[in-house]
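Visitor: Handing you a structure now.
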Amino acid sequence: MSKSSLLIPILILLAALGTNLTYAQDGGTPPPTPLVTLPPAPDAVPPAEPTWPWLPVYVTPVTTTAADGLTLVGELHLIDVNRPTVLLLHQLYTDRHSWEADVIPALLAGGYNALAVDVRGHGQSWGEVNWERAVTDTQVWIDWLRAHNLNAVVLMGSSMGSALAITGCANDPLCLGVIAISPGWDYYAVNVQSAFAELLGTRPVLIGYAARDYWPAVGVPLMVEVATCPVEVLTFAGNAHGMDLFSTEDTLMPEIITWLALHAG
């Protein structure tokens, strides 16, 4: 037998002994031999499709000045200056960000710009709550949109914001129409009778409310009764109010997009 043939087994033995010696010197023990063979890693799961398609949206904080000098704050979500813009007026005790979860993404995906504003006394529009002045603030925002070449405007409001949207559109002859979520007949003395009976003319209104939500349940039939404008009413079961309707009613936002396509383009 050659020397090289004898050397190979010796080297293997020394390597094994050296390994055991190393563990002994370190005060440890060799790792145990696994008793169970681990299953292979599962195939990579592809990421879920995004809820809304990617869009080249420009989001810009904006301000304007009310008639009494108060700085009003909003946020413009712009996809195309040539497309209609929905002016969003939030409900009491919330702010412009309340639209971000359910409404703004759907509007953008449907091809509509959105201007969400803080009503005076809420969010970053400081000052005291004053609903009479908030009505005039709505016109200030409409004028701001037109000054920035966003001429096709629809107003949308929730709860108290729906009263501002209805009266705001009624006071502006170029407003295309109104979307009113959980509206009331006379929220905080902002009465909508003249808007429906006369000022809206032929401009359409879409109303969404829950049948057991007290103030809309009382007010909406009165609106329909006096209206000379086209009114479409979406009535849902339950008592969800305002923005809560978007969480409980999956069909509400698609109905709004369909209505916008018909009346705003």
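How things are named: the first chain in the structure tokens is A, the next is B, and so on; residues count from 1 in each chain; ligands count from 1 in the order shown.
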May I have the residues within 10 Å of segment 68-84 of chain A as an NGL selection string, using only C-alpha atoms and disregarding those fewer than 4 positions away in the same chain?

Guide: :A and (55-64 or 88 or 95-97 or 104-105 or 107-109 or 111-127 or 133 or 136-137 or 140-141 or 145 or 148-154 or 176 or 260-261 or 264-265)

Visitor: Let me see the file: selected residues, N, CA and C atoms, as a compact mmCIF listing (two decimals), in the first residue's frame.

Guide:
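Produced file part05.txt, reproduced below:
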# COMPACT_ATOMS: atom_id res chain seq x y z
N LEU A 55 -52.43 55.20 -9.80
CA LEU A 55 -52.78 56.35 -10.62
C LEU A 55 -51.78 57.47 -10.37
N PRO A 56 -51.49 58.28 -11.38
CA PRO A 56 -50.58 59.41 -11.18
C PRO A 56 -51.29 60.56 -10.47
N VAL A 57 -51.46 60.43 -9.17
CA VAL A 57 -52.23 61.40 -8.40
C VAL A 57 -51.29 62.43 -7.77
N TYR A 58 -51.63 63.68 -7.93
CA TYR A 58 -50.89 64.76 -7.28
C TYR A 58 -51.69 65.21 -6.06
N VAL A 59 -51.12 65.06 -4.88
CA VAL A 59 -51.79 65.44 -3.64
C VAL A 59 -51.13 66.72 -3.12
N THR A 60 -51.93 67.77 -3.00
CA THR A 60 -51.39 69.08 -2.66
C THR A 60 -52.18 69.72 -1.53
N PRO A 61 -51.54 70.06 -0.41
CA PRO A 61 -52.22 70.87 0.61
C PRO A 61 -52.50 72.26 0.04
N VAL A 62 -53.71 72.77 0.28
CA VAL A 62 -54.09 74.06 -0.28
C VAL A 62 -54.77 74.90 0.79
N THR A 63 -54.73 76.21 0.60
CA THR A 63 -55.42 77.13 1.50
C THR A 63 -56.13 78.20 0.69
N THR A 64 -57.14 78.77 1.29
CA THR A 64 -57.80 79.94 0.72
C THR A 64 -58.29 80.79 1.90
N LEU A 88 -65.47 67.80 -1.18
CA LEU A 88 -65.90 66.95 -0.07
C LEU A 88 -66.01 67.76 1.22
N ASP A 95 -62.74 65.69 10.18
CA ASP A 95 -62.00 66.63 9.35
C ASP A 95 -61.84 66.06 7.95
N ARG A 96 -61.03 66.70 7.13
CA ARG A 96 -60.91 66.30 5.72
C ARG A 96 -60.37 64.88 5.55
N HIS A 97 -59.64 64.39 6.55
CA HIS A 97 -59.04 63.06 6.43
C HIS A 97 -60.07 61.94 6.55
N ILE A 104 -62.15 58.83 -1.19
CA ILE A 104 -61.19 59.43 -2.12
C ILE A 104 -60.56 58.40 -3.05
N PRO A 105 -60.10 57.23 -2.56
CA PRO A 105 -59.54 56.25 -3.49
C PRO A 105 -60.52 55.83 -4.58
N LEU A 107 -63.08 57.63 -5.77
CA LEU A 107 -63.25 58.74 -6.71
C LEU A 107 -62.10 58.79 -7.70
N LEU A 108 -60.88 58.67 -7.21
CA LEU A 108 -59.71 58.72 -8.08
C LEU A 108 -59.72 57.57 -9.08
N ALA A 109 -60.04 56.37 -8.59
CA ALA A 109 -60.10 55.22 -9.48
C ALA A 109 -61.19 55.38 -10.54
N GLY A 111 -61.89 58.18 -11.92
CA GLY A 111 -61.50 59.25 -12.82
C GLY A 111 -61.91 60.64 -12.38
N TYR A 112 -62.10 60.83 -11.06
CA TYR A 112 -62.55 62.13 -10.54
C TYR A 112 -61.50 62.70 -9.59
N ASN A 113 -61.26 64.00 -9.73
CA ASN A 113 -60.44 64.70 -8.75
C ASN A 113 -61.24 64.87 -7.47
N ALA A 114 -60.55 65.11 -6.36
CA ALA A 114 -61.23 65.34 -5.09
C ALA A 114 -60.55 66.48 -4.34
N LEU A 115 -61.35 67.39 -3.83
CA LEU A 115 -60.86 68.43 -2.93
C LEU A 115 -61.55 68.22 -1.58
N ALA A 116 -60.79 67.72 -0.60
CA ALA A 116 -61.32 67.51 0.75
C ALA A 116 -60.90 68.69 1.60
N VAL A 117 -61.86 69.33 2.24
CA VAL A 117 -61.56 70.56 2.99
C VAL A 117 -61.94 70.39 4.46
N ASP A 118 -61.25 71.15 5.30
CA ASP A 118 -61.62 71.24 6.71
C ASP A 118 -62.64 72.37 6.87
N VAL A 119 -63.83 72.02 7.30
CA VAL A 119 -64.85 73.03 7.58
C VAL A 119 -64.38 73.88 8.76
N ARG A 120 -64.69 75.17 8.73
CA ARG A 120 -64.22 76.06 9.80
C ARG A 120 -64.57 75.50 11.18
N GLY A 121 -63.61 75.64 12.10
CA GLY A 121 -63.78 75.08 13.43
C GLY A 121 -63.40 73.62 13.53
N HIS A 122 -62.87 73.05 12.45
CA HIS A 122 -62.47 71.64 12.41
C HIS A 122 -61.10 71.53 11.74
N GLY A 123 -60.37 70.48 12.12
CA GLY A 123 -59.08 70.24 11.48
C GLY A 123 -58.16 71.43 11.58
N GLN A 124 -57.59 71.83 10.43
CA GLN A 124 -56.66 72.95 10.40
C GLN A 124 -57.33 74.27 10.02
N SER A 125 -58.62 74.25 9.80
CA SER A 125 -59.36 75.50 9.60
C SER A 125 -59.82 75.98 10.97
N TRP A 126 -59.01 76.83 11.59
CA TRP A 126 -59.25 77.22 12.97
C TRP A 126 -60.50 78.10 13.08
N GLY A 127 -60.66 78.70 14.24
CA GLY A 127 -61.81 79.55 14.45
C GLY A 127 -62.95 78.79 15.08
N ARG A 133 -71.51 81.03 8.30
CA ARG A 133 -70.28 81.37 7.58
C ARG A 133 -69.73 80.17 6.81
N THR A 136 -71.03 80.19 3.32
CA THR A 136 -70.30 81.08 2.42
C THR A 136 -68.91 80.55 2.13
N ASP A 137 -68.30 79.84 3.09
CA ASP A 137 -66.99 79.22 2.85
C ASP A 137 -67.06 78.22 1.70
N VAL A 140 -66.56 79.95 -1.40
CA VAL A 140 -65.14 80.33 -1.51
C VAL A 140 -64.33 79.18 -2.10
N TRP A 141 -64.61 77.96 -1.67
CA TRP A 141 -63.89 76.80 -2.21
C TRP A 141 -64.27 76.54 -3.67
N LEU A 145 -61.61 76.51 -6.84
CA LEU A 145 -61.47 75.47 -7.87
C LEU A 145 -61.51 76.08 -9.26
N HIS A 148 -58.48 77.77 -10.43
CA HIS A 148 -57.41 76.84 -10.79
C HIS A 148 -57.84 75.92 -11.94
N ASN A 149 -58.77 76.42 -12.75
CA ASN A 149 -59.21 75.74 -13.98
C ASN A 149 -59.86 74.39 -13.73
N LEU A 150 -60.41 74.21 -12.54
CA LEU A 150 -61.19 73.01 -12.24
C LEU A 150 -62.66 73.44 -12.23
N ASN A 151 -63.23 73.45 -13.40
CA ASN A 151 -64.52 74.12 -13.60
C ASN A 151 -65.74 73.23 -13.38
N ALA A 152 -65.59 71.93 -13.61
CA ALA A 152 -66.71 71.00 -13.44
C ALA A 152 -66.72 70.51 -12.00
N VAL A 153 -67.67 70.97 -11.21
CA VAL A 153 -67.65 70.73 -9.76
C VAL A 153 -68.94 70.06 -9.30
N VAL A 154 -68.79 69.00 -8.52
CA VAL A 154 -69.89 68.34 -7.81
C VAL A 154 -69.61 68.47 -6.32
N LEU A 176 -72.61 71.20 -10.72
CA LEU A 176 -73.25 70.15 -11.53
C LEU A 176 -74.29 69.34 -10.77
N LEU A 260 -72.14 59.63 -10.70
CA LEU A 260 -71.22 60.65 -11.21
C LEU A 260 -70.99 60.49 -12.71
N ALA A 261 -70.83 59.26 -13.15
CA ALA A 261 -70.61 59.04 -14.58
C ALA A 261 -71.79 59.52 -15.41
N ALA A 264 -72.02 63.81 -14.24
CA ALA A 264 -70.85 64.70 -14.29
C ALA A 264 -69.89 64.35 -15.42
N GLY A 265 -70.06 63.16 -15.97
CA GLY A 265 -69.18 62.76 -17.08
C GLY A 265 -68.02 61.91 -16.63

Visitor: Identify all residues of segment 89-170 of chain A in strand (DSSP E) (DSSP on the backbone) and supply them as a PyMOL selection string.

Guide: chain A and resi 89+113-117+153-158

Visitor: Write out as a PyMOL selection string the residues lying within 12 Å of Glu255 of chain A, counting only C-alpha atoms and excluding same-chain residues fewer than 2 positions away.

Guide: chain A and resi 103+106-107+110+179+206-208+232-235+246+249-253+257-262

Visitor: Could you pull out the alpha helix (DSSP H) residues of segment 164-246 of chain A, going by DSSP on the backbone, and write them as a PyMOL selection string?

Guide: chain A and resi 164-171+193-194+214-226+244-246

Visitor: For the residues in that selection, give me C-alpha atoms as a compact mmCIF listing (two decimals), in the first residue's frame.

Guide:
# COMPACT_ATOMS: atom_id res chain seq x y z
CA LEU A 164 -73.40 72.61 3.27
CA ALA A 165 -73.19 70.67 0.01
CA ILE A 166 -76.89 71.09 -0.79
CA THR A 167 -77.02 74.80 -0.01
CA GLY A 168 -73.62 75.40 -1.57
CA CYS A 169 -74.60 73.84 -4.87
CA ALA A 170 -77.98 75.55 -4.80
CA ASN A 171 -76.26 78.94 -4.45
CA GLN A 193 -86.14 73.58 1.69
CA SER A 194 -85.45 76.44 -0.72
CA TYR A 214 -83.71 59.34 12.77
CA TRP A 215 -83.00 62.78 11.31
CA PRO A 216 -82.47 61.65 7.72
CA ALA A 217 -85.51 59.38 8.01
CA VAL A 218 -87.56 62.44 8.94
CA GLY A 219 -85.94 64.86 6.52
CA VAL A 220 -85.45 62.93 3.29
CA PRO A 221 -89.19 62.41 2.58
CA LEU A 222 -89.67 66.18 2.98
CA MET A 223 -86.86 66.84 0.51
CA VAL A 224 -88.39 64.50 -2.04
CA GLU A 225 -91.84 66.03 -1.51
CA VAL A 226 -90.80 69.62 -2.25
CA ASP A 244 -70.36 54.81 8.86
CA LEU A 245 -72.52 53.97 5.85
CA PHE A 246 -69.40 53.45 3.75
